[in-house]
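Content type compact mmCIF, C-alpha atoms, from the file work18.txt:
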```
# COMPACT_ATOMS: atom_id res chain seq x y z
CA MET D 38 -29.13 -12.21 -5.38
CA GLU D 39 -25.73 -10.63 -6.00
CA LYS D 40 -25.53 -7.61 -8.22
CA ASP D 41 -22.37 -7.29 -10.30
CA LEU D 42 -21.28 -3.66 -10.61
CA ARG D 43 -18.12 -4.00 -12.67
CA ARG D 44 -15.25 -6.27 -13.59
CA LEU D 45 -11.52 -5.88 -13.37
CA VAL D 46 -9.16 -8.32 -15.07
CA ILE D 47 -5.53 -8.39 -14.01
CA LYS D 48 -3.24 -10.30 -16.34
CA ALA D 49 0.17 -11.19 -14.98
CA PHE D 50 3.30 -11.80 -17.02
CA HIS D 51 5.99 -13.71 -15.19
CA ILE D 52 9.57 -12.48 -15.52
CA LYS D 53 12.15 -15.26 -15.43
CA ASN D 54 15.36 -13.46 -16.23
CA ILE D 55 16.73 -9.93 -15.95
CA GLU D 56 20.10 -8.82 -17.31
CA GLU D 57 21.88 -5.58 -17.89
CA GLY D 58 21.64 -4.55 -21.51
CA ALA D 59 21.85 -1.75 -24.02
CA GLU D 60 18.23 -0.73 -23.53
CA ASN D 61 15.33 -0.96 -21.11
CA ARG D 62 13.23 -3.66 -22.64
CA ILE D 63 10.73 -6.20 -21.52
CA SER D 64 9.26 -9.12 -23.42
CA PRO D 65 6.02 -10.99 -22.70
CA SER D 66 8.03 -14.22 -22.78
CA GLY D 67 9.67 -13.27 -19.47
CA THR D 68 12.97 -11.54 -20.13
CA MET D 69 13.92 -8.03 -19.16
CA THR D 70 17.00 -5.91 -19.82
CA ILE D 71 17.95 -2.87 -17.80
CA ASP D 72 20.08 0.02 -19.02
CA ARG D 73 20.93 2.32 -16.16
CA GLY D 74 22.17 4.87 -18.70
CA ILE D 75 18.56 6.09 -18.82
CA LEU D 76 19.11 7.75 -15.45
CA GLU D 77 20.93 10.67 -16.97
CA ALA D 78 17.90 11.73 -18.99
CA ILE D 79 15.48 11.18 -16.09
CA LEU D 80 17.53 13.00 -13.44
CA LYS D 81 17.88 16.16 -15.52
CA LYS D 82 14.32 17.00 -14.48
CA TYR D 83 14.95 16.62 -10.76
CA PRO D 84 17.38 19.18 -9.34
CA GLN D 85 16.75 17.78 -5.85
CA ILE D 86 18.55 14.56 -6.79
CA ASP D 87 22.36 14.41 -6.74
CA HIS D 88 22.67 11.00 -8.36
CA ALA D 89 20.94 7.63 -8.53
CA ASP D 90 21.68 4.02 -9.30
CA ILE D 91 19.73 1.05 -10.61
CA GLN D 92 20.77 -2.46 -9.59
CA ILE D 93 19.40 -5.88 -10.42
CA ILE D 94 19.17 -7.98 -7.27
CA ARG D 95 18.88 -11.66 -8.15
CA PRO D 96 16.94 -14.11 -5.96
CA GLY D 97 19.16 -15.13 -3.06
CA ASP D 98 21.54 -12.19 -3.51
CA ARG D 99 20.64 -10.39 -0.30
CA ASP D 100 23.94 -10.06 1.55
CA ARG D 101 24.33 -6.51 0.38
CA TYR D 102 23.90 -3.04 1.78
CA THR D 103 20.69 -1.14 1.18
CA ASN D 104 19.62 2.38 1.99
CA THR D 105 16.29 2.72 3.74
CA MET D 106 13.41 1.32 1.71
CA MET D 107 10.83 3.97 0.92
CA ASP D 108 8.50 1.78 -1.08
CA ILE D 109 8.08 -1.50 -2.93
CA ILE D 110 6.28 -1.04 -6.20
CA PRO D 111 4.63 -3.52 -8.55
CA ILE D 112 5.14 -2.86 -12.27
CA SER D 113 1.62 -2.56 -13.66
CA THR D 114 -0.14 -0.65 -16.40
CA LYS D 115 -3.68 0.06 -17.51
CA VAL D 116 -4.43 -1.52 -20.88
CA LEU D 117 -8.17 -0.95 -21.11
CA GLY D 118 -10.44 1.30 -19.06
CA LYS D 119 -9.71 3.27 -15.90
CA LEU D 120 -8.32 2.16 -12.58
CA GLY D 121 -10.83 -0.23 -11.04
CA GLU D 122 -12.29 -1.64 -14.24
CA GLY D 123 -11.17 -3.06 -17.56
CA ILE D 124 -7.79 -4.73 -18.00
CA THR D 125 -4.49 -4.27 -16.19
CA HIS D 126 -1.20 -5.91 -17.09
CA THR D 127 1.22 -6.55 -14.25
CA LEU D 128 4.55 -8.33 -13.81
CA THR D 129 5.22 -11.14 -11.38
CA GLY D 130 8.70 -12.33 -10.48
CA VAL D 131 10.04 -8.77 -10.22
CA TYR D 132 9.34 -5.73 -8.02
CA VAL D 133 10.97 -2.32 -7.74
CA ILE D 134 12.36 -1.19 -4.40
CA LEU D 135 12.86 2.55 -4.03
CA THR D 136 15.56 3.50 -1.54
CA GLY D 137 16.91 6.88 -0.54
CA VAL D 138 19.56 8.83 1.31
CA ASP D 139 21.08 12.28 0.90
CA THR D 140 24.69 13.31 0.36
CA ASN D 141 24.99 13.99 4.10
CA GLY D 142 24.12 10.34 4.72
CA LYS D 143 20.71 11.21 6.12
CA GLN D 144 18.32 8.35 5.32
CA THR D 145 14.91 9.26 3.90
CA HIS D 146 13.22 7.93 6.97
CA GLU D 147 12.71 9.54 10.31
CA PHE D 148 11.50 6.79 12.55
CA GLY D 149 12.89 3.27 12.30
CA SER D 150 14.99 3.38 9.18
CA SER D 151 15.47 0.13 7.26
CA GLU D 152 18.98 0.71 5.96
CA GLY D 153 21.53 -2.06 6.49
CA ILE D 154 22.08 -5.53 5.11
CA LEU D 155 19.12 -6.38 2.91
CA ARG D 156 18.81 -9.91 4.35
CA ASP D 157 18.21 -8.44 7.82
CA LYS D 158 16.01 -5.55 6.72
CA LEU D 159 13.52 -7.07 4.30
CA CYS D 160 11.08 -9.78 5.31
CA LEU D 161 10.29 -11.66 2.10
CA ASN D 162 7.10 -13.47 1.08
CA ARG D 163 4.67 -10.98 2.63
CA ALA D 164 1.81 -9.23 0.84
CA GLY D 165 3.90 -6.07 0.63
CA THR D 166 7.30 -7.60 -0.13
CA PRO D 167 8.83 -9.74 -2.90
CA GLY D 168 9.02 -13.53 -2.61
CA ASN D 169 12.32 -15.34 -2.20
CA GLN D 170 12.31 -16.38 -5.87
CA ASP D 171 11.62 -12.88 -7.15
CA TYR D 172 13.99 -10.42 -8.73
CA ILE D 173 14.30 -7.01 -7.15
CA ILE D 174 15.14 -3.90 -9.14
CA SER D 175 16.75 -1.46 -6.74
CA PHE D 176 16.18 2.18 -7.61
CA ASP D 177 18.48 3.96 -5.21
CA VAL D 178 18.33 7.74 -5.01
CA THR D 179 20.93 10.01 -3.42
CA LEU D 180 19.33 13.38 -2.81
CA LYS D 181 21.23 16.62 -2.47
CA ALA D 182 22.36 17.63 1.00
CA GLY D 183 19.44 18.43 3.29
CA MET D 184 16.87 16.97 0.89
CA GLY D 185 16.74 13.53 2.53
CA GLN D 186 13.77 14.39 4.67
CA GLU D 187 12.20 17.23 2.72
CA ARG D 188 8.88 16.61 1.02
CA GLU D 189 10.18 18.04 -2.24
CA GLY D 190 13.15 15.67 -2.23
CA VAL D 191 11.15 12.60 -1.34
CA LEU D 192 8.58 13.41 -4.05
CA ALA D 193 11.36 13.82 -6.61
CA ALA D 194 12.68 10.36 -5.72
CA HIS D 195 9.24 8.80 -6.20
CA ARG D 196 8.64 10.63 -9.47
CA ALA D 197 12.03 9.74 -10.93
CA CYS D 198 11.42 6.10 -10.07
CA ASP D 199 7.97 6.28 -11.65
CA GLU D 200 9.49 7.61 -14.88
CA PHE D 201 11.79 4.61 -14.99
CA ILE D 202 8.86 2.21 -14.47
CA ARG D 203 6.91 4.07 -17.14
CA ILE D 204 9.34 2.85 -19.80
CA PHE D 205 8.23 -0.70 -19.09
CA ARG D 206 4.57 0.23 -18.71
CA MET D 207 4.53 1.62 -22.25
CA GLN D 208 5.87 -1.68 -23.61
CA MET D 209 3.53 -3.78 -21.44
CA LYS D 210 0.49 -2.00 -22.89
CA LYS D 211 1.23 -3.74 -26.18
CA PHE D 212 1.54 -7.25 -24.74
CA ARG D 213 -0.98 -9.68 -26.19
CA GLY D 214 -3.32 -10.54 -23.32
CA GLU D 215 -3.49 -14.25 -24.12
CA ALA D 216 0.27 -14.56 -23.56
CA CYS D 217 -0.21 -13.90 -19.83
CA THR D 218 0.94 -16.46 -17.28
CA GLU D 219 -1.90 -15.76 -14.82
CA ARG D 220 -5.33 -14.20 -15.19
CA HIS D 221 -7.33 -12.87 -12.26
CA GLU D 222 -10.88 -11.59 -12.49
CA TYR D 223 -12.38 -9.38 -9.78
CA HIS D 224 -15.93 -8.12 -9.40
CA ASP D 225 -17.33 -5.27 -7.35
CA VAL D 226 -20.52 -6.86 -6.09
CA VAL D 227 -23.51 -5.84 -4.00
CA ARG D 228 -24.83 -8.56 -1.70
CA PRO D 229 -28.34 -7.34 -0.77
CA GLY D 230 -29.52 -8.41 2.66
CA LYS D 231 -26.03 -9.15 3.95
CA LYS D 232 -24.31 -7.16 6.68
CA ARG D 233 -23.07 -3.90 5.23
CA VAL D 234 -19.45 -3.29 6.08
CA LEU D 235 -16.66 -0.87 5.29
CA ILE D 236 -12.92 -1.20 5.45
CA ILE D 237 -11.38 2.01 6.75
CA LYS D 238 -7.67 2.40 6.15
CA GLN D 239 -5.84 5.06 8.10
CA VAL D 240 -2.82 6.01 6.02
CA ALA D 241 0.23 8.22 6.43
CA GLY D 242 -0.42 11.92 5.92
CA GLN D 243 1.90 13.91 8.16
CA GLY D 244 4.57 15.07 5.77
CA ALA D 245 7.67 14.29 3.73
CA MET D 246 8.17 10.56 4.29
CA TYR D 247 4.65 10.11 5.58
CA ASP D 248 2.50 10.70 2.57
CA THR D 249 -0.02 8.72 0.55
CA SER D 250 -1.03 9.42 -3.03
CA LEU D 251 -4.36 8.49 -4.61
CA PHE D 252 -5.91 8.49 -8.07
CA ALA D 253 -2.79 8.29 -10.23
CA LYS D 254 -3.33 7.44 -13.89
CA GLU D 255 -1.41 4.18 -13.70
CA PRO D 256 -1.66 1.39 -11.11
CA SER D 257 0.67 2.11 -8.15
CA GLY D 258 1.97 5.14 -10.05
CA THR D 259 2.64 8.74 -9.09
CA GLU D 260 1.70 10.71 -12.22
CA GLY D 261 -1.65 12.44 -11.74
CA GLY D 262 -1.83 11.33 -8.11
CA ARG D 263 -3.21 13.54 -5.35
CA SER D 264 -1.62 13.62 -1.95
CA ILE D 265 -3.82 12.83 1.05
CA ILE D 266 -2.03 15.74 2.77
CA ASP D 267 -3.20 18.15 0.07
CA MET D 268 -6.72 16.77 0.47
CA GLY D 269 -6.59 17.74 4.16
CA ASN D 270 -6.32 14.07 5.15
CA MET D 271 -10.10 13.92 4.79
CA PRO D 272 -11.74 10.54 4.15
CA VAL D 273 -11.98 9.45 0.55
CA LEU D 274 -14.06 6.51 -0.67
CA VAL D 275 -12.79 4.01 -3.24
CA THR D 276 -14.29 0.81 -4.64
CA PRO D 277 -12.75 -2.60 -3.91
CA ASN D 278 -11.65 -2.91 -7.54
CA GLU D 279 -10.07 0.55 -7.58
CA TYR D 280 -8.16 -0.42 -4.47
CA ARG D 281 -6.92 -3.74 -5.85
CA ASP D 282 -6.00 -2.03 -9.13
CA GLY D 283 -3.37 0.09 -7.33
CA ILE D 284 -5.21 3.36 -6.67
CA ILE D 285 -3.05 3.92 -3.58
CA ARG D 286 0.62 4.78 -3.88
CA SER D 287 2.50 4.68 -0.62
CA MET D 288 4.78 7.74 -0.58
CA GLN D 289 6.84 6.75 2.44
CA MET Q 438 5.17 9.65 15.28
CA GLY Q 439 5.63 6.07 14.43
CA ILE Q 440 5.39 4.52 11.04
CA GLY Q 441 8.38 2.26 11.06
CA PRO Q 442 9.49 0.04 8.22
CA SER Q 443 8.14 -3.18 9.69
CA THR Q 444 4.56 -1.91 9.91
CA LYS Q 445 4.35 0.44 6.97
CA GLU Q 446 2.28 -0.72 4.05
CA THR Q 447 4.05 -0.54 0.70
CA SER Q 448 2.33 0.11 -2.62
CA LEU Q 449 2.72 -3.63 -3.29
CA HIS Q 450 0.88 -4.34 -0.03
CA HIS Q 451 -2.03 -2.15 -1.15
CA PHE Q 452 -2.02 -3.84 -4.57
CA ARG Q 453 -2.55 -7.26 -3.00
CA ASP Q 454 -3.97 -6.37 0.41
CA PRO Q 455 -4.98 -9.47 2.41
CA LEU Q 456 -7.61 -7.49 4.35
CA LEU Q 457 -9.47 -6.62 1.16
CA ASP Q 458 -9.14 -10.19 -0.15
CA ILE Q 459 -10.66 -11.71 2.97
CA VAL Q 460 -13.48 -9.21 3.47
CA SER Q 461 -14.55 -9.05 -0.18
CA ALA Q 462 -14.59 -12.85 -0.50
CA ASP Q 463 -16.85 -13.29 2.54
CA GLU Q 464 -20.31 -14.03 1.19
CA GLU Q 465 -21.98 -13.11 4.47
CA LEU Q 466 -20.79 -9.53 4.06
CA ASP Q 467 -21.73 -6.75 1.66
CA LEU Q 468 -18.50 -4.76 1.32
CA MET Q 469 -19.59 -1.26 0.35
CA GLY Q 470 -16.16 0.21 -0.22
CA ILE Q 471 -12.91 1.28 1.34
CA ILE Q 472 -12.52 4.62 3.07
CA ILE Q 473 -8.99 6.00 2.99
CA VAL Q 474 -8.33 8.54 5.72
CA GLY Q 475 -5.12 10.39 6.50
CA THR Q 476 -3.34 11.16 9.75
CA PRO Q 477 -3.02 14.93 10.17
CA ASP Q 478 -0.43 16.55 12.42
CA ASP Q 479 -2.75 18.87 14.25
CA ASN Q 480 -4.84 17.46 17.09
CA GLU Q 481 -8.03 19.20 16.10
CA ASP Q 482 -7.67 17.85 12.57
CA LYS Q 483 -7.01 14.35 13.91
CA LEU Q 484 -10.39 14.39 15.63
CA LEU Q 485 -12.08 15.91 12.59
CA VAL Q 486 -11.03 13.36 9.98
CA GLY Q 487 -12.09 10.35 12.08
CA GLU Q 488 -15.44 11.97 12.77
CA ARG Q 489 -15.99 12.63 9.08
CA ALA Q 490 -15.19 8.98 8.29
CA ALA Q 491 -17.75 7.90 10.90
CA VAL Q 492 -20.41 10.29 9.56
CA TRP Q 493 -19.86 8.84 6.12
CA ALA Q 494 -20.17 5.28 7.42
CA GLU Q 495 -23.39 6.21 9.22
CA ALA Q 496 -24.83 7.79 6.08
CA MET Q 497 -24.07 4.59 4.21
CA ARG Q 498 -25.99 2.69 6.93
CA ALA Q 499 -22.97 0.54 7.67
CA ASP Q 500 -23.48 -2.29 10.17
CA GLY Q 501 -19.78 -2.63 10.79
CA ALA Q 502 -16.31 -1.40 9.94
CA ILE Q 503 -12.84 -2.88 10.06
CA ILE Q 504 -10.37 -0.11 10.70
CA SER Q 505 -6.67 -0.54 10.05
CA THR Q 506 -3.59 1.61 10.39
CA ASP Q 507 0.04 1.14 9.44
CA GLY Q 508 1.24 3.53 12.10
CA TRP Q 509 1.43 3.73 15.86
CA GLY Q 510 2.30 6.44 18.33
CA ASN Q 511 0.68 9.78 17.70
CA SER Q 512 -1.56 8.38 14.95
CA ASP Q 513 -3.32 6.44 17.75
CA VAL Q 514 -5.15 9.67 18.57
CA ASP Q 515 -6.88 9.62 15.18
CA PHE Q 516 -7.39 5.87 15.31
CA ALA Q 517 -8.92 5.66 18.80
CA ASN Q 518 -11.17 8.63 18.10
CA MET Q 519 -12.39 7.07 14.86
CA ALA Q 520 -13.33 3.84 16.69
CA GLU Q 521 -15.26 5.88 19.24
CA GLN Q 522 -17.03 7.98 16.63
CA LEU Q 523 -18.10 4.86 14.72
CA GLU Q 524 -19.33 2.96 17.75
CA THR Q 525 -21.26 5.87 19.21
CA ARG Q 526 -23.12 5.92 15.89
CA GLY Q 527 -24.05 2.26 16.37
CA ILE Q 528 -21.50 0.82 13.95
CA CYS Q 529 -19.61 -2.25 15.19
CA VAL Q 530 -15.84 -1.84 15.00
CA THR Q 531 -12.91 -4.21 14.83
CA GLY Q 532 -9.47 -3.34 13.59
CA LEU Q 533 -5.81 -4.04 13.16
CA LYS Q 534 -2.89 -2.10 14.58
CA PHE Q 535 0.68 -2.74 15.64
CA GLN Q 536 0.83 -2.84 19.44
CA GLY Q 537 3.29 -5.33 20.94
CA THR Q 538 4.91 -3.85 24.01
CA VAL Q 539 6.14 -0.57 22.53
CA GLY Q 540 3.11 0.37 20.43
CA LYS Q 541 0.31 0.24 22.98
CA PHE Q 542 -2.41 2.83 22.49
CA VAL Q 543 -1.14 6.23 23.60
CA VAL Q 544 -4.72 7.26 24.21
CA THR Q 545 -7.54 4.88 25.04
CA ASN Q 546 -11.32 4.84 25.24
CA ASP Q 547 -14.06 2.24 25.67
CA HIS Q 548 -14.27 1.38 21.99
CA LEU Q 549 -11.01 -0.45 21.35
CA SER Q 550 -11.94 -3.99 22.41
CA GLY Q 551 -12.13 -5.14 18.79
CA ILE Q 552 -8.70 -3.82 17.80
CA LEU Q 553 -6.28 -6.73 17.32
CA ASP Q 554 -2.51 -6.59 17.63
CA ILE Q 555 -0.49 -7.31 14.47
CA ASN Q 556 2.86 -7.47 16.31
CA LYS Q 557 4.76 -10.61 15.39
CA SER Q 558 8.05 -10.27 17.25
CA ALA Q 559 8.56 -12.11 20.55
CA GLU Q 560 9.82 -8.92 22.22
CA GLY Q 561 6.85 -6.90 21.00
CA VAL Q 562 9.00 -4.23 19.35
CA GLU Q 563 9.27 -2.63 15.93
CA THR Q 564 11.90 -4.82 14.34
CA ASN Q 565 12.71 -2.37 11.51
CA MET Q 566 12.52 -5.26 9.05
CA LEU Q 567 10.24 -4.17 6.24
CA GLY Q 568 7.09 -6.29 5.99
CA GLU Q 569 7.67 -8.21 9.20
CA ASN Q 570 4.75 -6.76 11.16
CA SER Q 571 2.39 -5.97 8.31
CA VAL Q 572 -1.14 -7.33 8.23
CA THR Q 573 -1.31 -10.97 7.07
CA ALA Q 574 -4.24 -13.05 5.85
CA LEU Q 575 -4.54 -14.58 9.33
CA ASP Q 576 -4.78 -11.12 10.95
CA ALA Q 577 -7.44 -10.17 8.42
CA ARG Q 578 -9.43 -13.36 9.04
CA LYS Q 579 -9.42 -12.73 12.80
CA ALA Q 580 -10.62 -9.14 12.43
CA THR Q 581 -13.35 -10.24 10.01
CA ALA Q 582 -14.54 -13.10 12.23
CA LEU Q 583 -14.59 -10.82 15.26
CA LEU Q 584 -16.61 -8.22 13.37
CA LYS Q 585 -19.18 -10.84 12.35
CA LEU Q 586 -19.44 -11.95 15.97
CA LYS Q 587 -19.89 -8.39 17.22
CA MET Q 588 -22.56 -7.67 14.63
CA ARG Q 589 -24.39 -10.91 15.51
CA ASN Q 590 -24.33 -10.08 19.23
CA ARG Q 591 -25.63 -6.60 18.52
CA GLU Q 592 -28.50 -8.04 16.49
CA LYS Q 593 -29.47 -10.41 19.32
CA LYS Q 594 -29.69 -7.50 21.75
CA GLU Q 595 -31.90 -5.44 19.47
```

Mind turning this structure into structure tokens?
Amino acid sequence: MEKDLRRLVIKAFHIKNIEEGAENRISPSGTMTIDRGILEAILKKYPQIDHADIQIIRPGDRDRYTNTMMDIIPISTKVLGKLGEGITHTLTGVYVILTGVDTNGKQTHEFGSSEGILRDKLCLNRAGTPGNQDYIISFDVTLKAGMGQEREGVLAAHRACDEFIRIFRMQMKKFRGEACTERHEYHDVVRPGKKRVLIIKQVAGQGAMYDTSLFAKEPSGTEGGRSIIDMGNMPVLVTPNEYRDGIIRSMQ
Amino acid sequence: MGIGPSTKETSLHHFRDPLLDIVSADEELDLMGIIIVGTPDDNEDKLLVGERAAVWAEAMRADGAIISTDGWGNSDVDFANMAEQLETRGICVTGLKFQGTVGKFVVTNDHLSGILDINKSAEGVETNMLGENSVTALDARKATALLKLKMRNREKKE
């Protein structure tokens, strides 16, 4: 007899159209406007960053240059409860790609950089990448000289990007749940008598571009997160629902 | 060091990880949780963290573990040691790792028979195309099926 430990509901809102606009706004009916003017206020807090740019990449528009991709981030927010239980709102049809370089042209990647023409550098339709019908919001950071491969610089890029995403998270918290386009329900269950198994994920923890953050306040966020490096790379246990609610933020 | 863009797991990958989907949906398995373990620089630390993960798994009375890494190269030291530490404690191990031709284990031991290759390029190289060599649902199904087989064989012997 299965024992149900807890439930997580993820409600998705599908984004159909993104345009540049006078403000950063998202509606539950599927439209989004982006105002890159917000960068000025965000970047003031990050002296490691020289400048940054936000671009809307429409489906099919991939014959364009990209700096190396540090991460691909879903836009999700906690509406009820903590990570791993309660309700999460997430967007489908759009994902944020964080890219980085420094003013010397040094890409924020040591081994096997992915800068180049986006079509040749991003394999679509995988678990970790957008689909071919999805919008991409490119958050491209140019760090100050020498900061391209420093932990401090890379962290600043992730945090600045997270602040941008936060603007949408705050609005998504107020979306009426029943307006969602998809609803997924997940249960952490015990199956007594069945073979007891663990998944063990070995994640990056060597330094600057090889870092993993856990336990942020928001799904796939950085705020409040703890670096696996700072935790001595020691094993940490999470529940299946915490994991699928975005408790890991890849800081590569 | 080797965590190239075609094997590295993005935050989006973790958010909708096929390995978790497949294992948690399998009604023959009781998934106890997910252990996240880092890859330290220092060799002594590399051996330590894998051993601690194995001690934890033993304390939880795990029958089996699927271990996965999004790196290759020097992180193989941690990975191979972890497989050994788990198996010497009687826990069946399968896993997923990029190998191909360039990412073969830099260190080996007798406990890596259940580690499957996630390389997808014909040449067996890191293609530097983000997402191209990441774990897919098919990879996850293979590792899960192999683990069930190993656990069944172990049971027969006992």

Given all atoms listed in the file, how would the per-residue table for chain Q near chain D read, listing every residue at most 6 Å away with its closest atom pair and distance in Å to one decimal, sorted by chain and number, as JSON lines?
```
{"residue": "Q:Gly441", "atom": "CA", "partner": "D:Gly149", "partner_atom": "CA", "distance": 4.8}
{"residue": "Q:Thr447", "atom": "CA", "partner": "D:Asp108", "partner_atom": "CA", "distance": 5.3}
{"residue": "Q:Ser448", "atom": "CA", "partner": "D:Ser287", "partner_atom": "CA", "distance": 5.0}
{"residue": "Q:Leu449", "atom": "CA", "partner": "D:Gly165", "partner_atom": "CA", "distance": 4.8}
{"residue": "Q:His450", "atom": "CA", "partner": "D:Gly165", "partner_atom": "CA", "distance": 3.5}
{"residue": "Q:Phe452", "atom": "CA", "partner": "D:Gly283", "partner_atom": "CA", "distance": 5.0}
{"residue": "Q:Glu465", "atom": "CA", "partner": "D:Lys231", "partner_atom": "CA", "distance": 5.7}
{"residue": "Q:Leu466", "atom": "CA", "partner": "D:Lys232", "partner_atom": "CA", "distance": 5.0}
{"residue": "Q:Asp467", "atom": "CA", "partner": "D:Arg233", "partner_atom": "CA", "distance": 4.8}
{"residue": "Q:Leu468", "atom": "CA", "partner": "D:Val234", "partner_atom": "CA", "distance": 5.1}
{"residue": "Q:Met469", "atom": "CA", "partner": "D:Leu235", "partner_atom": "CA", "distance": 5.8}
{"residue": "Q:Gly470", "atom": "CA", "partner": "D:Thr276", "partner_atom": "CA", "distance": 4.8}
{"residue": "Q:Ile471", "atom": "CA", "partner": "D:Ile236", "partner_atom": "CA", "distance": 4.8}
{"residue": "Q:Ile472", "atom": "CA", "partner": "D:Leu274", "partner_atom": "CA", "distance": 4.5}
{"residue": "Q:Ile473", "atom": "CA", "partner": "D:Lys238", "partner_atom": "CA", "distance": 5.0}
{"residue": "Q:Val474", "atom": "CA", "partner": "D:Pro272", "partner_atom": "CA", "distance": 4.3}
{"residue": "Q:Gly475", "atom": "CA", "partner": "D:Asn270", "partner_atom": "CA", "distance": 4.1}
{"residue": "Q:Thr476", "atom": "CA", "partner": "D:Gly242", "partner_atom": "CA", "distance": 4.9}
{"residue": "Q:Pro477", "atom": "CA", "partner": "D:Gln243", "partner_atom": "CA", "distance": 5.4}
{"residue": "Q:Asp478", "atom": "CA", "partner": "D:Gln243", "partner_atom": "CA", "distance": 5.5}
{"residue": "Q:Val486", "atom": "CA", "partner": "D:Met271", "partner_atom": "CA", "distance": 5.3}
{"residue": "Q:Ala490", "atom": "CA", "partner": "D:Pro272", "partner_atom": "CA", "distance": 5.6}
{"residue": "Q:Ala499", "atom": "CA", "partner": "D:Arg233", "partner_atom": "CA", "distance": 5.1}
{"residue": "Q:Asp500", "atom": "CA", "partner": "D:Arg233", "partner_atom": "CA", "distance": 5.2}
{"residue": "Q:Gly501", "atom": "CA", "partner": "D:Val234", "partner_atom": "CA", "distance": 4.8}
{"residue": "Q:Ala502", "atom": "CA", "partner": "D:Leu235", "partner_atom": "CA", "distance": 4.7}
{"residue": "Q:Ile503", "atom": "CA", "partner": "D:Ile236", "partner_atom": "CA", "distance": 4.9}
{"residue": "Q:Ile504", "atom": "CA", "partner": "D:Ile237", "partner_atom": "CA", "distance": 4.6}
{"residue": "Q:Ser505", "atom": "CA", "partner": "D:Lys238", "partner_atom": "CA", "distance": 5.0}
{"residue": "Q:Thr506", "atom": "CA", "partner": "D:Gln239", "partner_atom": "CA", "distance": 4.7}
{"residue": "Q:Asn565", "atom": "CA", "partner": "D:Ser151", "partner_atom": "CA", "distance": 5.7}
{"residue": "Q:Met566", "atom": "CA", "partner": "D:Lys158", "partner_atom": "CA", "distance": 4.2}
{"residue": "Q:Leu567", "atom": "CA", "partner": "D:Leu159", "partner_atom": "CA", "distance": 4.8}
{"residue": "Q:Gly568", "atom": "CA", "partner": "D:Cys160", "partner_atom": "CA", "distance": 5.3}
{"residue": "Q:Glu569", "atom": "CA", "partner": "D:Cys160", "partner_atom": "CA", "distance": 5.4}
```

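Residue nearest Ala194 (chain D), chosen from D:Asn104, D:Gln85, D:Gln208, D:Ser175 and counting only C-alpha atoms: D:Gln85.
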
A straight line from CA of Glu122 (chain D) to CA of Leu457 (chain Q) spans 16.4 Å

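When only C-alpha atoms are used to measure the gap to Leu549 (chain Q), the shortest distance among Q:Ala496, Q:Ala520, Q:Ala491, Q:Leu586 belongs to Q:Ala520.
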
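Distance-wise, CA of Gly532 (chain Q) and CA of Trp493 (chain Q) end up 17.7 Å apart.
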
Counting all atoms listed in the file, what is within 8 Å of region 554-563 of chain Q, bar same-chain residues fewer than 6 positions away, as an MDAnalysis selection string? (chainID D and resid 149) or (chainID Q and resid 441 443:444 533:540 569:572 576)

Go ahead and dump the residues you just picked, C-alpha atoms, as a short mmCIF file (atom, residue, chain, number, x, y, z; two decimals), in the coordinates of the input.
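Generated output (result-v4.cif):
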```cif
data_model
loop_
_atom_site.label_atom_id
_atom_site.label_comp_id
_atom_site.auth_asym_id
_atom_site.auth_seq_id
_atom_site.Cartn_x
_atom_site.Cartn_y
_atom_site.Cartn_z
CA GLY D 149 12.89 3.27 12.30
CA GLY Q 441 8.38 2.26 11.06
CA SER Q 443 8.14 -3.18 9.69
CA THR Q 444 4.56 -1.91 9.91
CA LEU Q 533 -5.81 -4.04 13.16
CA LYS Q 534 -2.89 -2.10 14.58
CA PHE Q 535 0.68 -2.74 15.64
CA GLN Q 536 0.83 -2.84 19.44
CA GLY Q 537 3.29 -5.33 20.94
CA THR Q 538 4.91 -3.85 24.01
CA VAL Q 539 6.14 -0.57 22.53
CA GLY Q 540 3.11 0.37 20.43
CA GLU Q 569 7.67 -8.21 9.20
CA ASN Q 570 4.75 -6.76 11.16
CA SER Q 571 2.39 -5.97 8.31
CA VAL Q 572 -1.14 -7.33 8.23
CA ASP Q 576 -4.78 -11.12 10.95
#
```

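Compared by their closest atoms to Ile173 (chain D), and using only C-alpha atoms, the residues D:Arg73, D:His126, D:Arg99, D:Arg220 rank with D:Arg99 nearest.
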
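When CA of Lys579 (chain Q) is paired with CA of Leu553 (chain Q), their separation reads 8.1 Å.
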
I'd like the neighbourhood of region 181-185 of chain D as an MDAnalysis selection string, where a residue qualifies if any of its atoms comes within 10 Å (using all atoms listed in the file), though same-chain residues fewer than 3 positions away should be ignored. chainID D and resid 84:88 137:147 178 188:191 193:194 245:246

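Candidate residues Q:Met519, Q:Ile459, Q:Val543, Q:Met497 were compared for distance to Thr573 (chain Q), and the nearest is Q:Ile459, using all atoms listed in the file.
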
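Counting only C-alpha atoms, the residue from D:Met207, D:Ile79, D:Ile52, D:Cys198 that sits nearest to Thr136 (chain D) is D:Cys198.
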
Of Q:Arg578, Q:Glu488, Q:Leu584, Q:Ser512, the one sitting nearest Val530 (chain Q) when using only C-alpha atoms is Q:Leu584
